[in-house]
file query-v1.pdb (PDB, C-alpha atoms and all ligand atoms)
MODEL        1
ATOM      1  CA  MET A   1       4.883  49.791  46.866  1.00  0.00           C
ATOM      2  CA  GLU A   2       6.267  46.927  48.950  1.00  0.00           C
ATOM      3  CA  LYS A   3       2.814  45.398  49.148  1.00  0.00           C
ATOM      4  CA  GLU A   4       2.576  45.511  45.357  1.00  0.00           C
ATOM      5  CA  THR A   5       5.978  43.824  45.067  1.00  0.00           C
ATOM      6  CA  GLN A   6       4.899  41.089  47.499  1.00  0.00           C
ATOM      7  CA  SER A   7       1.684  40.581  45.578  1.00  0.00           C
ATOM      8  CA  ARG A   8       3.606  40.282  42.301  1.00  0.00           C
ATOM      9  CA  ARG A   9       6.077  37.875  43.926  1.00  0.00           C
ATOM     10  CA  ALA A  10       3.224  35.771  45.267  1.00  0.00           C
ATOM     11  CA  PHE A  11       1.625  35.686  41.818  1.00  0.00           C
ATOM     12  CA  LEU A  12       4.901  34.663  40.188  1.00  0.00           C
ATOM     13  CA  ASN A  13       5.408  31.954  42.813  1.00  0.00           C
ATOM     14  CA  LYS A  14       1.974  30.537  42.059  1.00  0.00           C
ATOM     15  CA  LEU A  15       2.612  30.761  38.341  1.00  0.00           C
ATOM     16  CA  TRP A  16       5.924  28.884  38.689  1.00  0.00           C
ATOM     17  CA  THR A  17       4.244  26.261  40.856  1.00  0.00           C
ATOM     18  CA  VAL A  18       1.510  25.694  38.288  1.00  0.00           C
ATOM     19  CA  LEU A  19       4.035  25.542  35.426  1.00  0.00           C
ATOM     20  CA  GLY A  20       6.130  23.114  37.465  1.00  0.00           C
ATOM     21  CA  ILE A  21       3.134  20.830  38.001  1.00  0.00           C
ATOM     22  CA  VAL A  22       2.224  20.933  34.300  1.00  0.00           C
ATOM     23  CA  THR A  23       5.812  20.184  33.293  1.00  0.00           C
ATOM     24  CA  PHE A  24       6.010  17.318  35.770  1.00  0.00           C
ATOM     25  CA  ALA A  25       2.733  15.862  34.485  1.00  0.00           C
ATOM     26  CA  GLU A  26       4.026  16.005  30.895  1.00  0.00           C
ATOM     27  CA  LEU A  27       7.268  14.370  31.967  1.00  0.00           C
ATOM     28  CA  VAL A  28       5.362  11.562  33.688  1.00  0.00           C
ATOM     29  CA  ALA A  29       3.227  11.081  30.563  1.00  0.00           C
ATOM     30  CA  VAL A  30       6.285  10.909  28.297  1.00  0.00           C
ATOM     31  CA  VAL A  31       8.177   8.511  30.578  1.00  0.00           C
ATOM     32  CA  SER A  32       5.183   6.220  31.096  1.00  0.00           C
ATOM     33  CA  GLY A  33       4.561   6.233  27.338  1.00  0.00           C
ATOM     34  CA  PHE A  34       8.144   5.164  26.796  1.00  0.00           C
ATOM     35  CA  PHE A  35       7.835   2.170  29.101  1.00  0.00           C
ATOM     36  CA  LYS A  36       4.368   1.165  27.972  1.00  0.00           C
ATOM     37  CA  PRO A  37       4.482  -1.745  25.531  1.00  0.00           C
ATOM     38  CA  ALA A  38       3.906  -0.700  21.959  1.00  0.00           C
ATOM     39  CA  LYS A  39       0.586  -1.618  20.392  1.00  0.00           C
ATOM     40  CA  GLN A  40       0.906  -4.891  18.649  1.00  0.00           C
ATOM     41  CA  GLU A  41       0.153  -4.930  14.981  1.00  0.00           C
ATOM     42  CA  VAL A  42      -3.002  -6.858  14.478  1.00  0.00           C
ATOM     43  CA  ALA A  43      -2.135  -9.507  11.988  1.00  0.00           C
ATOM     44  CA  SER A  44      -4.654  -9.557   9.218  1.00  0.00           C
ATOM     45  CA  ASP A  45      -6.474 -12.763   8.701  1.00  0.00           C
ATOM     46  CA  ASP A  46      -4.991 -14.551   5.714  1.00  0.00           C
ATOM     47  CA  LYS A  47      -8.501 -15.114   4.432  1.00  0.00           C
ATOM     48  CA  ASP A  48      -8.893 -11.336   4.129  1.00  0.00           C
ATOM     49  CA  MET A  49      -5.847 -11.218   1.895  1.00  0.00           C
ATOM     50  CA  LEU A  50      -7.069 -13.964  -0.423  1.00  0.00           C
ATOM     51  CA  ILE A  51      -9.375 -12.432  -2.978  1.00  0.00           C
ATOM     52  CA  VAL A  52     -11.636 -14.679  -4.997  1.00  0.00           C
ATOM     53  CA  ALA A  53     -11.470 -13.052  -8.411  1.00  0.00           C
ATOM     54  CA  GLY A  54     -13.998 -15.359 -10.044  1.00  0.00           C
ATOM     55  CA  PRO A  55     -14.305 -18.159 -12.589  1.00  0.00           C
ATOM     56  CA  VAL A  56     -11.478 -18.382 -15.108  1.00  0.00           C
ATOM     57  CA  ASP A  57     -13.873 -18.112 -18.034  1.00  0.00           C
ATOM     58  CA  SER A  58     -15.171 -14.744 -16.880  1.00  0.00           C
ATOM     59  CA  PHE A  59     -11.933 -13.075 -18.007  1.00  0.00           C
ATOM     60  CA  GLU A  60     -11.462 -12.428 -21.711  1.00  0.00           C
ATOM     61  CA  PRO A  61      -8.031 -13.124 -23.196  1.00  0.00           C
ATOM     62  CA  GLY A  62      -6.197  -9.847 -23.771  1.00  0.00           C
ATOM     63  CA  SER A  63      -8.089  -8.012 -21.040  1.00  0.00           C
ATOM     64  CA  VAL A  64      -7.280  -6.274 -17.772  1.00  0.00           C
ATOM     65  CA  GLN A  65      -9.667  -6.022 -14.860  1.00  0.00           C
ATOM     66  CA  ALA A  66      -9.198  -3.752 -11.850  1.00  0.00           C
ATOM     67  CA  PHE A  67     -10.107  -5.053  -8.398  1.00  0.00           C
ATOM     68  CA  ILE A  68     -10.915  -2.360  -5.869  1.00  0.00           C
ATOM     69  CA  ARG A  69     -10.766  -4.805  -2.986  1.00  0.00           C
ATOM     70  CA  GLY A  70      -7.182  -5.961  -2.881  1.00  0.00           C
ATOM     71  CA  LYS A  71      -6.050  -3.040  -5.033  1.00  0.00           C
ATOM     72  CA  PHE A  72      -4.695  -5.051  -7.927  1.00  0.00           C
ATOM     73  CA  TYR A  73      -5.106  -5.659 -11.630  1.00  0.00           C
ATOM     74  CA  LEU A  74      -5.780  -9.012 -13.141  1.00  0.00           C
ATOM     75  CA  SER A  75      -4.404  -9.368 -16.645  1.00  0.00           C
ATOM     76  CA  ARG A  76      -5.425 -12.232 -18.857  1.00  0.00           C
ATOM     77  CA  LEU A  77      -2.914 -12.601 -21.629  1.00  0.00           C
ATOM     78  CA  GLU A  78      -3.826 -13.609 -25.179  1.00  0.00           C
ATOM     79  CA  ASP A  79      -2.559 -17.142 -24.511  1.00  0.00           C
ATOM     80  CA  GLY A  80      -4.982 -17.520 -21.590  1.00  0.00           C
ATOM     81  CA  GLY A  81      -2.429 -17.026 -18.814  1.00  0.00           C
ATOM     82  CA  PHE A  82      -2.995 -14.758 -15.810  1.00  0.00           C
ATOM     83  CA  LEU A  83      -0.956 -12.147 -13.966  1.00  0.00           C
ATOM     84  CA  ALA A  84      -2.144 -10.312 -10.837  1.00  0.00           C
ATOM     85  CA  MET A  85      -0.297  -7.026 -10.466  1.00  0.00           C
ATOM     86  CA  SER A  86      -0.044  -4.251  -7.961  1.00  0.00           C
ATOM     87  CA  ARG A  87      -1.534  -1.001  -9.127  1.00  0.00           C
ATOM     88  CA  HIS A  88       1.390   0.967  -7.700  1.00  0.00           C
ATOM     89  CA  CYS A  89       3.953   2.354 -10.087  1.00  0.00           C
ATOM     90  CA  THR A  90       7.470   1.047  -9.461  1.00  0.00           C
ATOM     91  CA  HIS A  91       8.854   4.570  -9.838  1.00  0.00           C
ATOM     92  CA  LEU A  92       7.295   6.496  -6.931  1.00  0.00           C
ATOM     93  CA  SER A  93       4.205   4.420  -6.167  1.00  0.00           C
ATOM     94  CA  CYS A  94       1.508   6.477  -7.862  1.00  0.00           C
ATOM     95  CA  THR A  95      -1.610   4.508  -8.731  1.00  0.00           C
ATOM     96  CA  VAL A  96      -1.344   3.462 -12.355  1.00  0.00           C
ATOM     97  CA  PRO A  97      -4.581   3.218 -14.350  1.00  0.00           C
ATOM     98  CA  TRP A  98      -5.120   0.768 -17.184  1.00  0.00           C
ATOM     99  CA  VAL A  99      -5.850   2.786 -20.330  1.00  0.00           C
ATOM    100  CA  GLU A 100      -7.975   0.505 -22.455  1.00  0.00           C
ATOM    101  CA  LYS A 101      -7.721   2.420 -25.722  1.00  0.00           C
ATOM    102  CA  GLU A 102      -3.924   2.572 -25.467  1.00  0.00           C
ATOM    103  CA  ASN A 103      -3.776  -1.055 -24.318  1.00  0.00           C
ATOM    104  CA  ARG A 104      -1.295  -0.167 -21.579  1.00  0.00           C
ATOM    105  CA  PHE A 105      -0.928   1.118 -18.052  1.00  0.00           C
ATOM    106  CA  ILE A 106       0.024   4.802 -18.046  1.00  0.00           C
ATOM    107  CA  CYS A 107       1.225   6.433 -14.849  1.00  0.00           C
ATOM    108  CA  PRO A 108      -0.241   9.912 -14.409  1.00  0.00           C
ATOM    109  CA  CYS A 109       2.700  11.112 -12.320  1.00  0.00           C
ATOM    110  CA  HIS A 110       5.721  10.870 -14.618  1.00  0.00           C
ATOM    111  CA  SER A 111       4.287   9.054 -17.638  1.00  0.00           C
ATOM    112  CA  SER A 112       5.807   5.626 -17.141  1.00  0.00           C
ATOM    113  CA  GLU A 113       4.053   3.041 -19.267  1.00  0.00           C
ATOM    114  CA  PHE A 114       3.632  -0.694 -18.773  1.00  0.00           C
ATOM    115  CA  ASP A 115       2.234  -3.309 -21.107  1.00  0.00           C
ATOM    116  CA  ILE A 116      -0.421  -5.888 -20.211  1.00  0.00           C
ATOM    117  CA  THR A 117       2.239  -8.058 -18.527  1.00  0.00           C
ATOM    118  CA  GLY A 118       3.369  -5.123 -16.363  1.00  0.00           C
ATOM    119  CA  GLU A 119       6.624  -4.809 -18.293  1.00  0.00           C
ATOM    120  CA  VAL A 120       8.023  -1.287 -18.553  1.00  0.00           C
ATOM    121  CA  ILE A 121       7.689   0.099 -22.058  1.00  0.00           C
ATOM    122  CA  ASN A 122       8.425   3.696 -21.128  1.00  0.00           C
ATOM    123  CA  PRO A 123      10.557   4.799 -18.118  1.00  0.00           C
ATOM    124  CA  PRO A 124      11.267   6.337 -15.597  1.00  0.00           C
ATOM    125  CA  ALA A 125       9.763   3.264 -13.867  1.00  0.00           C
ATOM    126  CA  PRO A 126      12.811   1.095 -13.145  1.00  0.00           C
ATOM    127  CA  ARG A 127      11.104  -2.308 -13.237  1.00  0.00           C
ATOM    128  CA  ALA A 128       7.920  -4.194 -14.005  1.00  0.00           C
ATOM    129  CA  LEU A 129       4.813  -3.912 -11.828  1.00  0.00           C
ATOM    130  CA  ASP A 130       4.917  -6.078  -8.693  1.00  0.00           C
ATOM    131  CA  LEU A 131       3.098  -9.406  -8.721  1.00  0.00           C
ATOM    132  CA  HIS A 132       0.633 -11.126  -6.407  1.00  0.00           C
ATOM    133  CA  PRO A 133       0.542 -14.940  -6.380  1.00  0.00           C
ATOM    134  CA  ILE A 134      -2.406 -16.556  -8.128  1.00  0.00           C
ATOM    135  CA  ALA A 135      -4.015 -19.897  -7.405  1.00  0.00           C
ATOM    136  CA  ILE A 136      -6.623 -21.594  -9.573  1.00  0.00           C
ATOM    137  CA  GLU A 137      -8.774 -24.186  -7.824  1.00  0.00           C
ATOM    138  CA  ASN A 138     -11.811 -25.798  -9.410  1.00  0.00           C
ATOM    139  CA  ASN A 139     -11.582 -23.237 -12.181  1.00  0.00           C
ATOM    140  CA  ILE A 140     -11.891 -20.388  -9.661  1.00  0.00           C
ATOM    141  CA  LEU A 141      -9.130 -17.839  -9.647  1.00  0.00           C
ATOM    142  CA  LYS A 142      -7.825 -16.531  -6.319  1.00  0.00           C
ATOM    143  CA  VAL A 143      -5.266 -13.804  -5.710  1.00  0.00           C
ATOM    144  CA  ASP A 144      -3.167 -13.571  -2.570  1.00  0.00           C
ATOM    145  CA  THR A 145      -2.938  -9.830  -1.958  1.00  0.00           C
ATOM    146  CA  GLY A 146      -0.974 -10.431   1.240  1.00  0.00           C
ATOM    147  CA  LYS A 147       2.095 -11.317  -0.787  1.00  0.00           C
ATOM    148  CA  LEU A 148       3.838  -9.085  -3.270  1.00  0.00           C
ATOM    149  CA  LYS A 149       6.750 -10.179  -5.414  1.00  0.00           C
ATOM    150  CA  LYS A 150       9.095  -7.614  -6.899  1.00  0.00           C
ATOM    151  CA  ARG A 151      10.522  -8.380 -10.314  1.00  0.00           C
ATOM    152  CA  SER A 152      12.908  -6.597 -12.569  1.00  0.00           C
ATOM    153  CA  ARG A 153      11.122  -7.601 -15.753  1.00  0.00           C
ATOM    154  CA  PHE A 154       8.402  -9.804 -17.160  1.00  0.00           C
ATOM    155  CA  GLU A 155       9.268 -13.454 -17.634  1.00  0.00           C
ATOM    156  CA  ALA A 156       7.027 -16.193 -19.009  1.00  0.00           C
ATOM    157  CA  SER A 157       7.498 -18.219 -15.806  1.00  0.00           C
ATOM    158  CA  GLN A 158       5.521 -15.567 -13.892  1.00  0.00           C
ATOM    159  CA  VAL A 159       2.302 -16.373 -15.755  1.00  0.00           C
ATOM    160  CA  THR A 160      -0.271 -18.649 -14.106  1.00  0.00           C
ATOM    161  CA  TYR A 161      -2.248 -21.014 -16.334  1.00  0.00           C
ATOM    162  CA  VAL A 162      -5.348 -23.047 -15.577  1.00  0.00           C
ATOM    163  CA  ASN A 163      -3.387 -26.291 -15.384  1.00  0.00           C
ATOM    164  CA  THR A 164      -0.898 -24.900 -12.856  1.00  0.00           C
ATOM    165  CA  VAL A 165      -1.909 -24.629  -9.197  1.00  0.00           C
TER     166      VAL A 165
HETATM  167  S1  LIG A 201       5.329   7.439 -10.078  1.00  0.00           S
HETATM  168 FE1  LIG A 201       4.842   6.519 -11.947  1.00  0.00          FE
HETATM  169  S2  LIG A 201       6.208   7.396 -13.315  1.00  0.00           S
HETATM  170 FE2  LIG A 201       6.731   8.309 -11.450  1.00  0.00          FE
ENDMDL
END

call {"tool": "encode", "arguments": {"input": "query-v1.pdb", "output": "structure tokens"}}
result
Amino acid sequence: MEKETQSRRAFLNKLWTVLGIVTFAELVAVVSGFFKPAKQEVASDDKDMLIVAGPVDSFEPGSVQAFIRGKFYLSRLEDGGFLAMSRHCTHLSCTVPWVEKENRFICPCHSSEFDITGEVINPPAPRALDLHPIAIENNILKVDTGKLKKRSRFEASQVTYVNTV
């Protein structure tokens, strides 16, 4: 009986020793992780953020084109001006598709609707779709997807025309 008790005690001692070592190792890992410098965000190359959308003439007035790379829409208004817009709804960030036959963006999540300028025409979206800056050089249109400008509503001054750089 006493031998059995000693054996059990010895087993428990070993068990506690092993658990102590494991706990200590975890503690060392946590503490060293705390003092280790955080991984630095790798800054994306600006060139990666600048998307060459194409020649100005390749976009029909009154049309919207989706760009997978850069995740934006390029709207060409009837007057020839351009807007590059985020595809994220300003309500809760769902991806908003352009519905050609309805001539508007319709959010599948809560049915917000936006016109070709990104202006809200049906809430709950609280404001117009966010904008990316556009540059037109040598008749080639470029969109800076690294920058996103929030706006409360559409204004004519947000439109980029061929003569403006
Ligand atoms: S996320 Fe678009 S309407 Fe709610």

call {"tool": "residues_near_ligand", "arguments": {"input": "query-v1.pdb", "ligand": "ligand LIG 201 (chain A)", "cutoff": "6 Å", "atoms": "all atoms listed in the file", "output": "ChimeraX atom specification"}}
result
/A:89,91-94,107,109-112,124-125

call {"tool": "atom_distance", "arguments": {"input": "query-v1.pdb", "atom1": "atom CA of A:Glu155", "atom2": "atom CA of A:Ile136"}}
result
19.6 Å

call {"tool": "resolve_selection", "arguments": {"input": "query-v1.pdb", "expression": "the PyMOL selection byres (((chain A and resi 132) around 12) and not hetatm)", "output": "PyMOL selection string"}}
result
chain A and resi 49-51+70-75+82-87+118+129-131+133-135+142-151+158-160

call {"tool": "atom_distance", "arguments": {"input": "query-v1.pdb", "atom1": "atom CA of A:Phe114", "atom2": "atom CA of A:Glu60"}}
result
19.3 Å

call {"tool": "resolve_selection", "arguments": {"input": "query-v1.pdb", "expression": "the PyMOL selection byres (((chain A and resi 57) around 12) and not hetatm)", "output": "ChimeraX atom specification"}}
result
/A:53-56,58-61,76,80-82,136,138-141,162

call {"tool": "atom_distance", "arguments": {"input": "query-v1.pdb", "atom1": "atom CA of A:Phe154", "atom2": "atom CA of A:Glu119"}}
result
5.4 Å

call {"tool": "closest_residue", "arguments": {"input": "query-v1.pdb", "among": "A:Asp115, A:Pro108, A:Arg153, A:Phe67", "to": "A:Arg127", "atoms": "only C-alpha atoms"}}
result
A:Arg153

call {"tool": "axis_aligned_box", "arguments": {"input": "query-v1.pdb", "around": "stretch 55-67 of chain A", "padding_each_side": "5 Å", "output": "lines of an AutoDock Vina configuration file"}}
result
center_x = -10.7
center_y = -11.1
center_z = -16.1
size_x = 19.0
size_y = 24.6
size_z = 25.4
